[in-house]
Each structure stands twice: as C-alpha cells, then as structure tokens.
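Enquirer: I'd like to ask you about the structure that follows.
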Amino acid sequence: MTSPNHGPQDLLQLVQTFIIKGDDFAAAGSVSLAIKKLLKEVGFPPEALRRVAITAFEAEMNVVMYGGGGEVSLFLAPGTARLVIKDHGPGIPDLDLAMQEGWSTATAAMREMGFGAGMGLPNIRKNSSRFHVDTALGQGTTLTADIDI
Amino acid sequence: MGLTLHQIVGHLEAEVLAYPEGLDRVVTHAQGSDLMSDVLAFSHPNCLLITGLANHQVIRTAEVAGLLGVVVVRSKRPAEAVILLAQECEVPLLSTRLGMFDACGTLFTHGIRGMSDLARPSHK
C-alpha cells in the first residue's frame with residue numbers, strides 16, 4: 001500500500017463531511033451518491049468520478065456493515081480527490097487478511113444485500129491512486145483514499 | 001450494434017418499473033450478478049445489469065458504476081421506495097418473469113455479450 005502523505009495532495013481542501021449511520025441498510029450508499037452528484041456538478045471527469053464513487057460506496061458499505069456508523073470527508077485539490085472515511089467500529093484485527101479478495105466476516109443479512117463477499121477493501125485499493133488504512137483494535141478504522149484525475 | 005432498452009423490454013417480456021425516459025439507451029454488453037461488489041469490481045460503464053436482487057443497493061450500484069439500467073428477474077417486484085430511487089437516479093428499472101439463465105440466454109441470442117470480452121477500464 002502506498003501512503004498518501006506527499007505530492008500535489010498537499011493543496012487539498014475540505015469540501016464537505018457527511019455522516020454515515022450504522023446498520024441502516026436501506027440508506028447505505030446514499031452518502032456516496034451525494035458525493036458523486038457533488039463532484040459531477042463541479043465538473044470532475046467521468047472516469048475518475050466513477051472511481052471516486054465506487055471507492056466511496058464500498059467504504060460506506062463497510063462503515064454501515066462493520067463500523068457502527070462514522071463519517072466520510074471529501075477533499076479536493078487540482079487533479080485529485082481525497083476521501084477520508086472514519087468509523088466507530090472495533091478495528092480490523094488482521095489488515096493483510098482483510099485485504100485478500102474473498103475474505104469476509106459478513107453475516108447472511110449483509111450478503112443478502114449483495115455485499116460482504118470480501119471484495120470491499122480490494123475494490124477500494126483497485127480504484128484508488130493512493131490508499132492507506134489506519135486501524136487499531138478498539139479504536140476504529142480510518143481509511144484514506146486519493147483518486148487522481 | 002446492440003439493442004435499445006425498448007427492444008430488450010420486448011425480448012424479455014419485461015415490465016418497465018422506473019425511468020422509461022431512458023429506454024432509448026443502446027446496450028451492447030450485460031452482466032448477470034447478485035453480488036454488487038462483483039458488479040463494482042468487474043463491470044464496465046454502459047452495460048446492463050441483470051440481477052435477482054431488488055433492494056436499494058442494486059440501484060445505488062447501478063448509479064455509482066454508471067450502468068445503463070437494471071433488469072430484475074423472476075418477477076420480483078422491488079419495494080416502492082426502490083422504484084422511486086431508480087426514477088430519481090435515472091436508472092431504467094425493468095422486471096421480467098424470466099429467470100436469470102433464461103434472461104441472459106435470451107439477450108445473448110439477440111447479440112448482447114458479456115463482460116469477458118471487455119477489458120476493465122485502466123486507471124493506473
């Protein structure tokens with residue numbers, strides 16, 4: 001994983017922070033649609049917009065399913081967008097394992113929604129230009145993803 | 001090349017549940033899946049999703065991934081809130097009595113192809 005801690009993203013400015021409710025499956029994904037709409041309105045290019053939206057959606061589903069709620073902040077700089085997603089969950093015990101495609105602790109209810117197949121973090125990594133996860137047991141998880149145009 | 005969603009409605013004997021304004025969209029490729037993470041990982045923008053799921057996440061997946069529309073199989077009727085979400089997101093939502101295999105096979109015989117012959121968009 002590449003840590004997003006230097007480069008053009010130094011110019012990033014906070015655009016908006018959105019609250020994500022935990023365990024509200026019907027609303028899960030609505031924040032990501034709001035982010036996509038916002039970026040579309042400011043003229044973010046379609047292909048990069050799609051990657052931001054997929055990254056936000058997968059992260060939002062993780063926050064809803066495992067994180068007990070949280071928040072996502074959108075930052076913008078010329079040529080790049082950053083998503084910082086914080087949850088109130090228990091933390092990820094084994095991050096290397098969680099990054100493997102197919103590894104999952106999802107419940108049957110999560111799988112019935114079409115998620116929880118162990119593709120979330122790998123999908124986020126695939127769609128991000130830079131990606132970093134801070135997690136500790138009992139202290140929640142913060143995911144930072146940069147998507148360059 | 002391809003079929004309009006109008007033509008697909010006919011071939012699948014489908015009911016249009018939401019966003020009929022989008023039925024002139026032309027479909028060349030489709031993906032059949034009940035796993036939205038797979039759709040997000042492997043779909044190509046401008047393809048049609050055929051699924052047995054009928055919840056909010058299907059519509060949000062279609063919107064996020066930029067899909068042309070959603071076909072729900074086995075006569076499943078999404079909740080009214082899901083239909084309203086599809087209309088709001090401008091995602092054409094169809095329902096067919098056909099099962100997944102029959103719906104995919106029917107579209108394949110009319111020239112629609114799967115994702116296997118499309119490279120995933122590269123961004124790195």
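Starting from 1 in every chain, residues are counted up; chains themselves are A, B, ... following the order of the structure tokens, and ligands are numbered from 1 as listed.
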Tell me, as an MDAnalysis selection string, which residues lie within 10 Å of Met110 of chain A, counting only C-alpha atoms; anything in the same chain fewer than 2 positions away does not count.
Expert: chainID A and resid 23 25 61 64:66 105:108 112:117
Enquirer: Residues of chain A that have any atom at most 7 Å from an atom of chain B: could you tabulate them with the shortest-distance atom pair and the distance in Å to one decimal, using only C-alpha atoms, ordered by chain and increasing number, as a Markdown table?
Expert:
| residue | atom | partner | partner_atom | distance |
| --- | --- | --- | --- | --- |
| A:Ala26 | CA | B:His56 | CA | 6.2 |
| A:Gly29 | CA | B:Arg60 | CA | 6.3 |
| A:Leu33 | CA | B:Val64 | CA | 6.9 |
| A:Arg50 | CA | B:Ala65 | CA | 6.1 |
| A:Ala53 | CA | B:Val64 | CA | 5.5 |
| A:Ile54 | CA | B:Val64 | CA | 6.0 |
| A:Met113 | CA | B:Gln57 | CA | 6.8 |
| A:Gly114 | CA | B:Leu35 | CA | 4.4 |
| A:Phe115 | CA | B:Ser37 | CA | 5.8 |
| A:Met119 | CA | B:Ser37 | CA | 5.9 |
| A:Gly120 | CA | B:Ser37 | CA | 6.8 |
| A:Asn123 | CA | B:Ala41 | CA | 5.9 |
Enquirer: Could you pull out the helix (DSSP H, G or I) residues of chain A from DSSP and send them as JSON, numbers by chain?
Expert: {"A": [8, 9, 10, 11, 30, 31, 32, 33, 34, 35, 36, 37, 38, 39, 40, 41, 46, 47, 48, 49, 50, 51, 52, 53, 54, 55, 56, 57, 58, 59, 60, 61, 62, 63, 64, 65, 95, 96, 97, 98, 108, 109, 110, 111, 112, 120, 121, 122, 123, 124, 125, 126, 127]}
Enquirer: Run DSSP on the backbone and tell me which residues of segment 6-140 of chain A come out as strand (DSSP E); list them as a ChimeraX atom specification.
Expert: /A:13-20,70-77,80-87,130-135
Enquirer: Considering only C-alpha atoms, return as a PyMOL selection string whatever protein or nucleic-acid residues lie within 6 Å of segment 75-89 of chain A, sequence-local ones (same chain, fewer than 6 positions apart) excluded.
Expert: chain A and resi 11-15+63+67-69+140-149
Enquirer: May I have the selected residues written with N, CA, C and O atoms, as a CSV table (one decimal), in the first residue's frame?
Expert:
chain,number,residue,atom,x,y,z
A,11,LEU,N,-2.3,20.4,-1.5
A,11,LEU,CA,-3.2,21.5,-1.7
A,11,LEU,C,-4.7,21.2,-1.4
A,11,LEU,O,-5.6,21.9,-1.6
A,12,LEU,N,-4.9,20.0,-0.9
A,12,LEU,CA,-6.3,19.5,-0.6
A,12,LEU,C,-7.0,20.4,0.3
A,12,LEU,O,-6.5,20.8,1.3
A,13,GLN,N,-8.3,20.7,0.0
A,13,GLN,CA,-9.1,21.5,0.8
A,13,GLN,C,-10.4,20.7,1.1
A,13,GLN,O,-11.0,20.1,0.2
A,14,LEU,N,-10.9,20.8,2.3
A,14,LEU,CA,-12.1,20.0,2.7
A,14,LEU,C,-13.3,20.7,2.0
A,14,LEU,O,-13.5,21.9,2.0
A,15,VAL,N,-14.1,19.8,1.3
A,15,VAL,CA,-15.3,20.3,0.7
A,15,VAL,C,-16.5,20.0,1.6
A,15,VAL,O,-17.3,21.0,1.8
A,63,VAL,N,-18.6,0.8,6.5
A,63,VAL,CA,-18.9,1.6,7.7
A,63,VAL,C,-20.3,1.2,8.2
A,63,VAL,O,-20.5,1.0,9.4
A,67,GLY,N,-18.8,-1.0,10.8
A,67,GLY,CA,-18.2,0.2,11.5
A,67,GLY,C,-19.1,0.8,12.6
A,67,GLY,O,-18.6,1.7,13.3
A,68,GLY,N,-20.4,0.4,12.6
A,68,GLY,CA,-21.3,1.1,13.6
A,68,GLY,C,-21.5,2.5,13.3
A,68,GLY,O,-21.8,3.3,14.2
A,69,GLY,N,-21.4,2.9,12.0
A,69,GLY,CA,-21.5,4.3,11.6
A,69,GLY,C,-20.2,5.0,11.6
A,69,GLY,O,-19.2,4.5,12.0
A,140,GLY,N,-11.3,1.8,16.2
A,140,GLY,CA,-11.9,2.1,14.9
A,140,GLY,C,-10.9,2.1,13.8
A,140,GLY,O,-9.8,1.8,13.9
A,141,THR,N,-11.4,2.4,12.6
A,141,THR,CA,-10.6,2.4,11.4
A,141,THR,C,-10.8,3.7,10.6
A,141,THR,O,-11.9,4.2,10.5
A,142,THR,N,-9.7,4.2,10.1
A,142,THR,CA,-9.7,5.4,9.2
A,142,THR,C,-9.0,5.0,7.9
A,142,THR,O,-7.9,4.5,7.9
A,143,LEU,N,-9.8,5.2,6.9
A,143,LEU,CA,-9.3,4.8,5.5
A,143,LEU,C,-9.1,6.1,4.7
A,143,LEU,O,-10.0,7.0,4.7
A,144,THR,N,-8.0,6.3,4.1
A,144,THR,CA,-7.7,7.5,3.3
A,144,THR,C,-7.4,7.0,1.8
A,144,THR,O,-6.6,6.1,1.6
A,145,ALA,N,-8.2,7.5,0.9
A,145,ALA,CA,-8.0,7.1,-0.5
A,145,ALA,C,-7.9,8.4,-1.4
A,145,ALA,O,-8.8,9.2,-1.3
A,146,ASP,N,-6.9,8.4,-2.2
A,146,ASP,CA,-6.8,9.5,-3.2
A,146,ASP,C,-7.1,9.0,-4.5
A,146,ASP,O,-6.6,7.9,-4.9
A,147,ILE,N,-7.8,9.7,-5.3
A,147,ILE,CA,-8.1,9.3,-6.7
A,147,ILE,C,-7.7,10.5,-7.6
A,147,ILE,O,-8.3,11.6,-7.5
A,148,ASP,N,-6.7,10.3,-8.4
A,148,ASP,CA,-6.2,11.3,-9.3
A,148,ASP,C,-6.9,11.3,-10.6
A,148,ASP,O,-7.4,10.2,-11.0
A,149,ILE,N,-7.1,12.5,-11.2
A,149,ILE,CA,-7.7,12.6,-12.5
A,149,ILE,C,-6.8,12.0,-13.6
A,149,ILE,O,-5.6,12.2,-13.6
Enquirer: If we count only C-alpha atoms, what is near Thr17 of chain A at a cut-off of 7 Å, once residues fewer than 4 positions away on the same chain are taken out, given as a list in words?
Expert: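 Everything that qualifies: Glu71, Val72, Ser73 and Leu74 of chain A.
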Enquirer: Take the residues from that selection and write them out as a JSON list (two decimals), in the first residue's frame, keeping all heavy atoms.
Expert:
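Listed below is the output, out_5.json:
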[["chain", "number", "residue", "atom", "x", "y", "z"],
["A", 71, "GLU", "N", -18.13, 8.64, 9.45],
["A", 71, "GLU", "CA", -18.24, 9.82, 8.59],
["A", 71, "GLU", "C", -17.26, 9.70, 7.43],
["A", 71, "GLU", "O", -16.26, 8.98, 7.51],
["A", 71, "GLU", "CB", -17.95, 11.09, 9.38],
["A", 71, "GLU", "CG", -16.53, 11.16, 9.94],
["A", 71, "GLU", "CD", -16.29, 12.42, 10.76],
["A", 71, "GLU", "OE1", -17.20, 12.80, 11.52],
["A", 71, "GLU", "OE2", -15.21, 13.02, 10.61],
["A", 72, "VAL", "N", -17.60, 10.41, 6.37],
["A", 72, "VAL", "CA", -16.68, 10.47, 5.23],
["A", 72, "VAL", "C", -16.48, 11.94, 4.87],
["A", 72, "VAL", "O", -17.45, 12.70, 4.78],
["A", 72, "VAL", "CB", -17.18, 9.65, 4.02],
["A", 72, "VAL", "CG1", -18.60, 10.03, 3.64],
["A", 72, "VAL", "CG2", -16.26, 9.83, 2.83],
["A", 73, "SER", "N", -15.22, 12.33, 4.71],
["A", 73, "SER", "CA", -14.89, 13.70, 4.33],
["A", 73, "SER", "C", -14.31, 13.70, 2.92],
["A", 73, "SER", "O", -13.47, 12.86, 2.58],
["A", 73, "SER", "CB", -13.87, 14.30, 5.30],
["A", 73, "SER", "OG", -14.43, 14.40, 6.59],
["A", 74, "LEU", "N", -14.79, 14.65, 2.13],
["A", 74, "LEU", "CA", -14.31, 14.80, 0.76],
["A", 74, "LEU", "C", -13.41, 16.02, 0.68],
["A", 74, "LEU", "O", -13.79, 17.12, 1.09],
["A", 74, "LEU", "CB", -15.50, 14.97, -0.20],
["A", 74, "LEU", "CG", -15.17, 15.36, -1.64],
["A", 74, "LEU", "CD1", -14.44, 14.21, -2.36],
["A", 74, "LEU", "CD2", -16.43, 15.74, -2.41]]
Enquirer: What's around Pro93 of chain A at 9 Å? Count only C-alpha atoms, leave out sequence neighbours fewer than 2 positions away in its own chain, and write the answer as a VMD selection string.
Expert: chain A and resid 90 to 91 95 97 to 98 135 to 137
Enquirer: Go ahead and dump the residues you just picked, all heavy atoms, as a PDB file, in the first residue's frame.
Expert:
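Here's the written file part05.pdb:
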ATOM      1  N   PRO A  90     -14.845  -1.774  15.701  1.00  0.00           N
ATOM      2  CA  PRO A  90     -13.884  -2.407  16.613  1.00  0.00           C
ATOM      3  C   PRO A  90     -12.453  -2.440  16.086  1.00  0.00           C
ATOM      4  O   PRO A  90     -11.548  -2.888  16.793  1.00  0.00           O
ATOM      5  CB  PRO A  90     -14.433  -3.835  16.724  1.00  0.00           C
ATOM      6  CG  PRO A  90     -15.107  -4.062  15.396  1.00  0.00           C
ATOM      7  CD  PRO A  90     -15.682  -2.741  14.995  1.00  0.00           C
ATOM      8  N   GLY A  91     -12.235  -1.945  14.860  1.00  0.00           N
ATOM      9  CA  GLY A  91     -10.906  -2.064  14.259  1.00  0.00           C
ATOM     10  C   GLY A  91     -10.776  -3.381  13.517  1.00  0.00           C
ATOM     11  O   GLY A  91     -11.576  -4.308  13.701  1.00  0.00           O
ATOM     12  N   LEU A  95      -5.186  -6.786   9.045  1.00  0.00           N
ATOM     13  CA  LEU A  95      -5.417  -5.999   7.831  1.00  0.00           C
ATOM     14  C   LEU A  95      -4.991  -6.752   6.575  1.00  0.00           C
ATOM     15  O   LEU A  95      -5.658  -6.679   5.539  1.00  0.00           O
ATOM     16  CB  LEU A  95      -4.682  -4.656   7.930  1.00  0.00           C
ATOM     17  CG  LEU A  95      -4.956  -3.649   6.815  1.00  0.00           C
ATOM     18  CD1 LEU A  95      -6.446  -3.338   6.708  1.00  0.00           C
ATOM     19  CD2 LEU A  95      -4.173  -2.363   7.053  1.00  0.00           C
ATOM     20  N   LEU A  97      -5.120  -9.875   6.017  1.00  0.00           N
ATOM     21  CA  LEU A  97      -6.185 -10.834   5.705  1.00  0.00           C
ATOM     22  C   LEU A  97      -7.387 -10.119   5.094  1.00  0.00           C
ATOM     23  O   LEU A  97      -7.979 -10.580   4.105  1.00  0.00           O
ATOM     24  CB  LEU A  97      -6.599 -11.545   6.998  1.00  0.00           C
ATOM     25  CG  LEU A  97      -7.288 -12.899   6.885  1.00  0.00           C
ATOM     26  CD1 LEU A  97      -6.465 -13.880   6.075  1.00  0.00           C
ATOM     27  CD2 LEU A  97      -7.554 -13.456   8.281  1.00  0.00           C
ATOM     28  N   ALA A  98      -7.740  -8.967   5.667  1.00  0.00           N
ATOM     29  CA  ALA A  98      -8.900  -8.211   5.179  1.00  0.00           C
ATOM     30  C   ALA A  98      -8.696  -7.697   3.762  1.00  0.00           C
ATOM     31  O   ALA A  98      -9.661  -7.450   3.038  1.00  0.00           O
ATOM     32  CB  ALA A  98      -9.199  -7.042   6.117  1.00  0.00           C
ATOM     33  N   THR A 135      -5.784   1.390  11.486  1.00  0.00           N
ATOM     34  CA  THR A 135      -6.760   0.664  12.279  1.00  0.00           C
ATOM     35  C   THR A 135      -6.084   0.110  13.526  1.00  0.00           C
ATOM     36  O   THR A 135      -4.898  -0.243  13.497  1.00  0.00           O
ATOM     37  CB  THR A 135      -7.406  -0.471  11.454  1.00  0.00           C
ATOM     38  OG1 THR A 135      -8.470  -1.053  12.219  1.00  0.00           O
ATOM     39  CG2 THR A 135      -6.403  -1.542  11.040  1.00  0.00           C
ATOM     40  N   ALA A 136      -6.831   0.090  14.612  1.00  0.00           N
ATOM     41  CA  ALA A 136      -6.333  -0.499  15.857  1.00  0.00           C
ATOM     42  C   ALA A 136      -7.528  -1.061  16.610  1.00  0.00           C
ATOM     43  O   ALA A 136      -8.614  -0.468  16.604  1.00  0.00           O
ATOM     44  CB  ALA A 136      -5.630   0.563  16.705  1.00  0.00           C
ATOM     45  N   LEU A 137      -7.328  -2.201  17.230  1.00  0.00           N
ATOM     46  CA  LEU A 137      -8.422  -2.838  17.947  1.00  0.00           C
ATOM     47  C   LEU A 137      -8.976  -1.903  19.013  1.00  0.00           C
ATOM     48  O   LEU A 137      -8.227  -1.329  19.804  1.00  0.00           O
ATOM     49  CB  LEU A 137      -7.950  -4.145  18.576  1.00  0.00           C
ATOM     50  CG  LEU A 137      -7.726  -5.304  17.594  1.00  0.00           C
ATOM     51  CD1 LEU A 137      -7.258  -6.546  18.318  1.00  0.00           C
ATOM     52  CD2 LEU A 137      -8.977  -5.592  16.776  1.00  0.00           C
TER      53      LEU A 137
END
Enquirer: Quick one: everything within 6 Å of Ala14 of chain B, counting only C-alpha atoms, minus sequence neighbours fewer than 4 positions away in the same chain. Send it as a list in words.
Expert: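 Residues meeting the cut-off are Val9, Ser95 and Thr96 of chain B.
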Enquirer: Considering only C-alpha atoms, can you say which of A:Ile20, A:Ala27, A:Leu38, A:Met99 comes closest to Arg125 of chain A?
Expert: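 Going through A:Ile20, A:Ala27, A:Leu38, A:Met99 one by one, the smallest distance to Arg125 of chain A is for A:Met99.
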Enquirer: Compile the contact shell of Gly105 of chain B as a list of chain:residue names: residues with an atom at most 12 Å away, counting only C-alpha atoms, same-chain residues fewer than 4 positions apart removed.
Expert: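 Contacts, with the query itself left out: B:His11, B:Leu12, B:Ala30, B:Gln31, B:Gly32, B:Ile50, B:Leu98, B:Gly99, B:Met100, B:Phe101, B:Thr109, B:His110, B:Gly111, B:Ile112, B:Arg113, B:Gly114.
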Enquirer: Residues as selected, N, CA and C atoms, written as a short mmCIF file (atom, residue, chain, number, x, y, z; two decimals), in the first residue's frame, can you do that?
Expert:
data_model
loop_
_atom_site.label_atom_id
_atom_site.label_comp_id
_atom_site.auth_asym_id
_atom_site.auth_seq_id
_atom_site.Cartn_x
_atom_site.Cartn_y
_atom_site.Cartn_z
N HIS B 11 -38.04 -8.33 -25.81
CA HIS B 11 -37.44 -9.67 -25.83
C HIS B 11 -37.63 -10.38 -24.48
N LEU B 12 -37.59 -9.63 -23.39
CA LEU B 12 -37.71 -10.23 -22.05
C LEU B 12 -39.14 -10.20 -21.52
N ALA B 30 -23.78 -6.92 -21.12
CA ALA B 30 -24.56 -7.08 -19.88
C ALA B 30 -23.80 -7.95 -18.91
N GLN B 31 -24.20 -7.84 -17.64
CA GLN B 31 -23.60 -8.64 -16.58
C GLN B 31 -24.72 -9.20 -15.72
N GLY B 32 -24.68 -10.50 -15.45
CA GLY B 32 -25.67 -11.12 -14.58
C GLY B 32 -25.04 -11.41 -13.24
N ILE B 50 -28.26 -7.55 -14.92
CA ILE B 50 -29.37 -8.49 -14.75
C ILE B 50 -29.17 -9.13 -13.38
N LEU B 98 -38.81 -14.00 -16.48
CA LEU B 98 -37.77 -14.98 -16.79
C LEU B 98 -36.78 -15.10 -15.64
N GLY B 99 -36.18 -16.28 -15.50
CA GLY B 99 -35.11 -16.46 -14.53
C GLY B 99 -33.80 -15.90 -15.07
N MET B 100 -32.79 -15.90 -14.23
CA MET B 100 -31.50 -15.32 -14.60
C MET B 100 -30.92 -15.97 -15.87
N PHE B 101 -30.90 -17.31 -15.89
CA PHE B 101 -30.29 -18.02 -17.03
C PHE B 101 -31.05 -17.72 -18.32
N THR B 109 -28.72 -14.42 -27.37
CA THR B 109 -29.14 -14.83 -28.72
C THR B 109 -29.48 -13.61 -29.57
N HIS B 110 -29.74 -12.49 -28.94
CA HIS B 110 -30.02 -11.26 -29.70
C HIS B 110 -28.80 -10.36 -29.79
N GLY B 111 -27.65 -10.90 -29.50
CA GLY B 111 -26.40 -10.19 -29.79
C GLY B 111 -25.75 -9.49 -28.63
N ILE B 112 -26.39 -9.49 -27.44
CA ILE B 112 -25.75 -8.86 -26.29
C ILE B 112 -24.64 -9.78 -25.78
N ARG B 113 -23.52 -9.21 -25.42
CA ARG B 113 -22.38 -10.01 -24.97
C ARG B 113 -22.05 -9.72 -23.51
N GLY B 114 -21.29 -10.64 -22.92
CA GLY B 114 -20.92 -10.50 -21.51
C GLY B 114 -19.70 -9.63 -21.34
#
Enquirer: For each of B:Val73, B:Ala18, B:Met115, B:Ile83, take the minimum atom-to-atom distance to Asp102 of chain B, counting only C-alpha atoms, then give the residue where this is smallest.
Expert: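 Checking each candidate against Asp102 of chain B, we get B:Val73 as the closest.
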